[in-house]
Every structure is written in structure tokens, then in C-alpha cells.
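> Okay, here's the structure, questions in a sec.
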Amino acid sequence: MTTLSPNAAPERTPRTAPGPTDTPEDPPVLAVRDVHISDGVTDREIVHGVSFTLTPGKAVGIVGESGSGKTLTCRAVLGILPPHFEITAGSVEITGTDITTLTPARWTALRGTTISAVFQDPASYLNPSVKVGAQIAEVLRVKKGLKRREARHRAVALLRAVRLRDPELVYGQYPYELSGGMLQRILIAAAVAAEPQALIADEATTALDVTVQAEILDLLAELREESGLALVVVSHDLAVVAQLCDEVLVMRQGEVVEHGPTHAVLHDPQHAYTRLLVAEHEQYGLDKFLEPKEAS
Ligand SMILES: Nc1ncnc2c1ncn2[C@@H]1O[C@H](COP(=O)(O)OP(=O)(O)OP(=O)(O)O)[C@@H](O)[C@H]1O
């Protein structure tokens with residue numbers, strides 16, 4: 001099992017503006033710059049400035065207390081903020097395009113093909129009356145323009161790639177016939193079907209038992225290593241972020257209180273809230289993810 005993100009930086013580095021320098025040859029998949037999000041109904045600002053850059057193959061984690069604005073930040077990036085919420089300052093660029101310039105049609109085209117997402121509670125994202133394989137095939141027909149037969153063939157290959165045993169059988173099953181872990185694999189297969197450059201995983205393993213969670217995390221790490229998929233990983237669980245991410249943002253009450261290389265932030269937290277989070281997680285064996293990776 002993966003024990004530490006291969007790119008996690010073991011050395012201490014400054015906590016501000018981390019990440020590689022963007023060059024024209026290596027444009028960020030996602031650039032979030034000082035994003036503020038407000039609730040138009042209450043006229044209250046909920047997220048007070050989030051910034052990070054995601055380059056191909058990189059994984060950024062967002063941790064923090066419930067209600068701190070992690071999911072709203074992800075939804076802003078995906079162009080699916082709830083009604084009345086809006087980005088009131090800052091910018092989000094997806095592969096160099098400012099999302100405020102996107103028409104609904106361009107958004108639809110971008111979702112799935114450039115940026116995709118998986119959330120908690122996979123069953124609620126699947127149509128209960130359609131076979132799961134057909135739901136993946138539909139993504140392939142709509143987003144990749146594949147013909148019915150090709151789409152089926154590719155969907156079975158995707159089910160195999162997310163390590164579902166007997167993918168031909170699973171293809172023909174309905175969501176109610178499958179476990180939570182299997183459904184999350186199916187959602188991941190659907191999310192990566194159109195070969196996006198970035199995947200947002202928002203509490204994607206929270207509802208799963210520990211063993212299944214570990215398998216899904218390995219799967220995400222594998223997708224990242226094999227296809228250069230960039231990841232944004234939202235989790236209340238520091239061990240998840242420690243395992244997958246190069247860099248982590250710690251949010252509290254809509255503020256980013258700490259941001260830096262995962263190893264540095266979790267090993268030597270600077271902010272009192274991060275120290276509290278790390279202390280709370282120690283009993284769950286966070287240490288095993290923080291050991292420097294042995295050269296294999
Ligand atoms: N659809 C909505 N309608 C009203 N308020 C909302 C909505 N979505 C989020 N909020 C509010 O915005 C704030 C930030 O919510 P968000 O879901 O981003 O938090 P979070 O950090 O993801 O929390 P959790 O870890 O519990 O998922 C919360 O105070 C929440 O109540």
C-alpha cells in the first residue's frame with residue numbers, strides 16, 4: 001500500500017506561495033487566486049481568500065473544520081456554487097481560461113474533459129434505474145463522441161482499471177446491487193472516463209470502511225502516477241491528505257490558516273489550529289504516513 005505521496009517534500013520550506021514556478025511550457029491545470037465567496041442572501045463572506053496552483057500530476061489537499069469552506073471552494077472551481085453564492089473577489093483559471101468568461105456550454109464541455117469531481121455518497125450521483133456500465137458509457141458517448149459499441153468496450157476497460165473484479169458482470173448491474181466501495185470506484189471511473197487533467201475528490205472516501213478507503217486512495221495515487229492526473233483532495237482526515245498530497249491548505253472559518261508542503265505542515269505545524277488538528281489525529285496513526293519515504 002502507498003504510505004506517502006512520492007512527491008511529498010521532506011524538507012522545510014516557507015509556508016507562503018509554495019509550489020512550482022509556472023512556465024509557459026507547464027501551464028497550471030488550475031490556478032485559484034485569492035478567491036473570496038459570499039452568500040448573497042445574508043450578504044456574508046464565507047470564504048476569505050483561497051489560493052493554490054495545481055500542475056499536472058500534483059496533489060493539493062484541503063483540510064479543516066466542518067463549515068470552513070472547503071466544499072464551497074471546490075464548487076466554485078467547478079462552477080457549481082449553490083444558488084445565491086458567488087465569487088466576489090479573486091480568480092479561478094482552468095488551463096489558463098478565467099472561469100468568469102465561460103458560457104454555460106463551455107462549462108459543460110470542460111466538466112469531465114478537463115476537470116472532474118467525485119464526492120461522498122456515490123449512490124446519490126448515479127441513476128438508480130440505469131445499469132452502472134451504461135452510465136459510464138453515456139459519459140463516453142457524450143464527452144468523447146464514442147459510438148455505442150466502442151463506449152461499452154471502453155467502459156468495461158475503465159471498470160477493470162478501477163480494479164472491479166469481473167467488470168463485464170458489474171457493467172450490467174444496478175447501483176443497488178453494489179457496495180459503497182464499488183459505487184465509489186464506479187463514480188471514479190465515470191469521472192476519469194473523459195480523461196480530465198484534474199480530479200476533485202471531496203470527502204470521497206469518508207463514508208467507506210478503512211480497508212476500502214485505503215484501496216480507493218491507492219487507486220487515486222495510481223491514476224495520478226500513471227496518467228498525470230492532478231488532484232484536489234478535500235478531507236477531514238489528515239492521514240488521507242498525508243498519504244496523497246504534496247501540498248496542503250488548512251482552513252478554518254473561511255480562512256486559510258496554513259499552507260505548505262504536506263510533510264512540513266503536518267510535521268511542524270505553525271498555526272495553533274493545525275497543531276490541534278495534528279494532535280487530534282495522532283491517535284489514528286498519522287505518524288506512519290509522515291515517515292520519510294525510503295528509497296526503494
Ligand atoms: N447550499 C448552501 N446553503 C446555505 N449555506 C451553505 C450552503 N453550502 C454551504 N453553506 C455554508 O457555507 C459554509 C461553508 O460550507 P462548506 O460546505 O464549504 O464547508 P466544509 O468546510 O466543506 O464543511 P464540511 O467539512 O462539513 O463538509 C458553512 O457555514 C455552510 O453552512
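Going through the C-alpha cells in order, the chains are called A, B, and so on, while each chain numbers its residues from 1 and the ligands are numbered from 1 in the order shown.
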Using only C-alpha atoms and all ligand atoms, find each residue with an atom at most 7 Å away from ligand 1 and format the answer as a PDB file with N, CA and C atoms, in the first residue's frame.

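Final output, saved to part_2.pdb:
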```
ATOM      1  N   ILE A  46     -18.116  34.069   3.134  1.00  0.00           N
ATOM      2  CA  ILE A  46     -17.923  32.766   3.791  1.00  0.00           C
ATOM      3  C   ILE A  46     -16.476  32.290   3.612  1.00  0.00           C
ATOM      4  N   GLY A  64      -9.615  20.877   7.263  1.00  0.00           N
ATOM      5  CA  GLY A  64     -10.117  21.920   8.151  1.00  0.00           C
ATOM      6  C   GLY A  64     -11.446  21.544   8.743  1.00  0.00           C
ATOM      7  N   GLU A  65     -11.895  22.391   9.656  1.00  0.00           N
ATOM      8  CA  GLU A  65     -13.096  22.042  10.407  1.00  0.00           C
ATOM      9  C   GLU A  65     -14.343  22.107   9.533  1.00  0.00           C
ATOM     10  N   SER A  66     -15.378  21.461  10.012  1.00  0.00           N
ATOM     11  CA  SER A  66     -16.648  21.448   9.300  1.00  0.00           C
ATOM     12  C   SER A  66     -17.154  22.884   9.129  1.00  0.00           C
ATOM     13  N   GLY A  67     -17.620  23.190   7.926  1.00  0.00           N
ATOM     14  CA  GLY A  67     -18.156  24.523   7.667  1.00  0.00           C
ATOM     15  C   GLY A  67     -17.098  25.574   7.367  1.00  0.00           C
ATOM     16  N   SER A  68     -15.837  25.138   7.183  1.00  0.00           N
ATOM     17  CA  SER A  68     -14.775  26.130   6.968  1.00  0.00           C
ATOM     18  C   SER A  68     -14.692  26.613   5.523  1.00  0.00           C
ATOM     19  N   GLY A  69     -15.456  26.010   4.631  1.00  0.00           N
ATOM     20  CA  GLY A  69     -15.486  26.498   3.250  1.00  0.00           C
ATOM     21  C   GLY A  69     -14.761  25.624   2.249  1.00  0.00           C
ATOM     22  N   LYS A  70     -14.429  24.393   2.634  1.00  0.00           N
ATOM     23  CA  LYS A  70     -13.690  23.506   1.732  1.00  0.00           C
ATOM     24  C   LYS A  70     -14.540  23.150   0.511  1.00  0.00           C
ATOM     25  N   THR A  71     -15.764  22.704   0.782  1.00  0.00           N
ATOM     26  CA  THR A  71     -16.630  22.287  -0.330  1.00  0.00           C
ATOM     27  C   THR A  71     -17.028  23.485  -1.193  1.00  0.00           C
ATOM     28  N   LEU A  72     -17.309  24.613  -0.579  1.00  0.00           N
ATOM     29  CA  LEU A  72     -17.659  25.795  -1.384  1.00  0.00           C
ATOM     30  C   LEU A  72     -16.509  26.165  -2.319  1.00  0.00           C
ATOM     31  N   THR A  73     -15.289  26.049  -1.825  1.00  0.00           N
ATOM     32  CA  THR A  73     -14.129  26.348  -2.674  1.00  0.00           C
ATOM     33  C   THR A  73     -14.108  25.412  -3.885  1.00  0.00           C
ATOM     34  N   PRO A  82     -23.755  26.819  -4.948  1.00  0.00           N
ATOM     35  CA  PRO A  82     -25.204  26.794  -4.714  1.00  0.00           C
ATOM     36  C   PRO A  82     -25.818  28.150  -5.073  1.00  0.00           C
ATOM     37  N   HIS A 236     -11.511  15.592   5.950  1.00  0.00           N
ATOM     38  CA  HIS A 236     -11.345  15.981   7.347  1.00  0.00           C
ATOM     39  C   HIS A 236     -10.251  15.118   7.966  1.00  0.00           C
TER      40      HIS A 236
END
```
> Skipping near chain neighbours, those fewer than 2 positions away, what residues fall within 12 Å of A:Val210 using only C-alpha atoms, listed as a list in words?
Gly181, Thr205, Thr206, Ala207, Leu208, Val212, Gln213, Ala214, Glu215, Ile216, Leu217, Asp237, Ala239, Val240 and Tyr284 of chain A
> May I have all residues of stretch 133-282 of chain A that DSSP, computed from the backbone, assigns to strand (DSSP E or B), given as an NGL selection string?
:A and (198-202 or 230-234 or 247-252 or 255-261)
> Can you write just those residues out, C-alpha atoms, as an mmCIF file, in the first residue's frame?

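The result, stored in selection30.cif:
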```cif
data_model
loop_
_atom_site.group_PDB
_atom_site.id
_atom_site.type_symbol
_atom_site.label_atom_id
_atom_site.label_comp_id
_atom_site.auth_asym_id
_atom_site.auth_seq_id
_atom_site.Cartn_x
_atom_site.Cartn_y
_atom_site.Cartn_z
ATOM 1 C CA ALA A 198 -7.739 17.374 -12.771
ATOM 2 C CA LEU A 199 -9.975 15.483 -10.362
ATOM 3 C CA ILE A 200 -11.507 16.954 -7.238
ATOM 4 C CA ALA A 201 -12.120 14.307 -4.571
ATOM 5 C CA ASP A 202 -14.283 15.900 -1.874
ATOM 6 C CA ALA A 230 -3.803 16.343 -10.853
ATOM 7 C CA LEU A 231 -5.793 16.002 -7.626
ATOM 8 C CA VAL A 232 -7.546 18.287 -5.195
ATOM 9 C CA VAL A 233 -8.288 16.174 -2.135
ATOM 10 C CA VAL A 234 -10.726 17.502 0.461
ATOM 11 C CA GLU A 247 0.842 20.319 -0.508
ATOM 12 C CA VAL A 248 -1.886 21.092 1.996
ATOM 13 C CA LEU A 249 -4.116 24.048 2.877
ATOM 14 C CA VAL A 250 -5.572 24.177 6.359
ATOM 15 C CA MET A 251 -8.871 26.069 6.526
ATOM 16 C CA ARG A 252 -10.703 27.432 9.494
ATOM 17 C CA GLU A 255 -9.567 31.411 6.177
ATOM 18 C CA VAL A 256 -6.503 29.505 5.048
ATOM 19 C CA VAL A 257 -4.532 29.468 8.282
ATOM 20 C CA GLU A 258 -1.620 27.427 6.934
ATOM 21 C CA HIS A 259 -0.417 26.342 3.506
ATOM 22 C CA GLY A 260 2.721 24.482 2.560
ATOM 23 C CA PRO A 261 4.294 21.150 1.680
#
```
> Excluding stretch 122-124 of chain A and any residue of its chain fewer than 4 positions from it, enumerate the residues within 8 Å of it, using only C-alpha atoms, and give them as JSON, numbers by chain.
{"A": [118, 128, 175, 180, 183, 184, 187]}
> In Å, rounded to a single decimal, give me how far atom CA of A:Asn127 is from atom CA of A:His153.
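Computed distance, atom CA of A:His153 to atom CA of A:Asn127, equals 20.5 Å.
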> What separation in Å, quoted to one decimal, exists between atom CA of A:Ala117 and atom CA of A:Ala191?
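Atom CA of A:Ala191 lies 6.2 Å from atom CA of A:Ala117.
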> Per DSSP on the backbone, what are the helix (DSSP H, G or I) residues of stretch 49-260 of chain A, as a VMD selection string?
chain A and resid 70 to 78 99 to 101 104 to 113 122 to 125 132 to 144 148 to 161 167 to 171 175 to 177 180 to 192 210 to 227 238 to 244
